[in-house]
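Structure record follows, encoded as structure tokens.
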Amino acid sequence: MDVTQSPQGLLKFMAFMESLSPETCQALEDVYERELSFEDPINQASNIPELRALFEDLFKQLKQIRIEIKHHALGGKRHFISWHMAYTFRGKPRSLDGVSEIELGPTSKVCWQRDYWDASTGVYAEFPLMRTALGALKKLVAVKHPAPKG
């Protein structure tokens with residue numbers, strides 16, 4: 001990917017994501033503003049201590065986390081990064097794709113972040129009752145195409 005025109009804070013954020021580990025999470029202050037807004041489909045944080053707790057819990061739940069940046073797009077105020085995350089959950093390899101939308105603050109660190117990923121496959125489907133309910137719901141709301149005439 002061509003990153004030559006990307007803001008330094010965006011490059012730092014992408015490098016942080018690709019090196020995400022319990023060790024790199026000790027240096028959140030290098031990537032994020034002290035006061036921030038973070039949200040994903042299941043979590044929220046508004047400052048570094050809350051974000052650190054979120055990441056610490058992530059590493060308790062998931063093992064062998066690897067994130068690969070796929071693409072990024074520069075916006076006027078907000079930037080977009082698409083990524084693929086592979087991990088182990090309950091002893092089984094898993095993966096999901098997502099997008100992070102970020103805004104850089106006055107010190108070129110992330111001050112606002114929204115992560116978008118499908119919680120129905122990334123989390124909820126891990127539980128048998130939820131997986132069954134989600135399957136039934138998808139079947140119910142999916143577009144029903146007419147049978148081909150013929």
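Going through the structure tokens in order, the chains are called A, B, and so on, while each chain numbers its residues from 1 and the ligands are numbered from 1 in the order shown.
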*Would you kindly return, as a ChimeraX atom specification, each protein, DNA or RNA residue with an atom no farther than 7 Å from any atom of region 89-96 of chain A, considering only C-alpha atoms and excluding same-chain residues fewer than 4 positions away?*
/A:61-63,84-85,122
*Do a neighbour search on region 19-32 of chain A at 9 Å with only C-alpha atoms, toss out local chain neighbours closer than 6 positions, and write the hits as a list of chain:residue names.*
A:Gly9, A:Lys12, A:Phe13, A:Asn47, A:Ile48, A:Leu51, A:Arg52, A:Phe55, A:Glu56, A:Phe59, A:Gln64, A:Ile65, A:Arg66, A:Ile67, A:Leu104, A:Gly105, A:Ser108, A:Lys109, A:Val110, A:Cys111, A:Trp112
*To one decimal place, how far is CA of Tyr116 (chain A) from CA of His145 (chain A) in Å?*
28.6 Å
*asked:* If I take CA of Lys77 (chain A) and CA of Leu54 (chain A), how far is one from the other in Å, to one decimal?
replied: 25.4 Å
*Å distance separating CA of Pro7 (chain A) from CA of Ile69 (chain A), one decimal place*: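 Separation of CA of Pro7 (chain A) and CA of Ile69 (chain A): 15.9 Å.
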*Among the residues of region 24-133 of chain A, find those DSSP assigns to helix (DSSP H, G or I) from the backbone and print them as a count of residues only.*
34
*Using only C-alpha atoms, which residue out of A:Gly76, A:Ile81, A:Ala147, A:Asp57 lies closest to Ala15 (chain A)?*
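Closest residue, counting only C-alpha atoms: A:Ile81.
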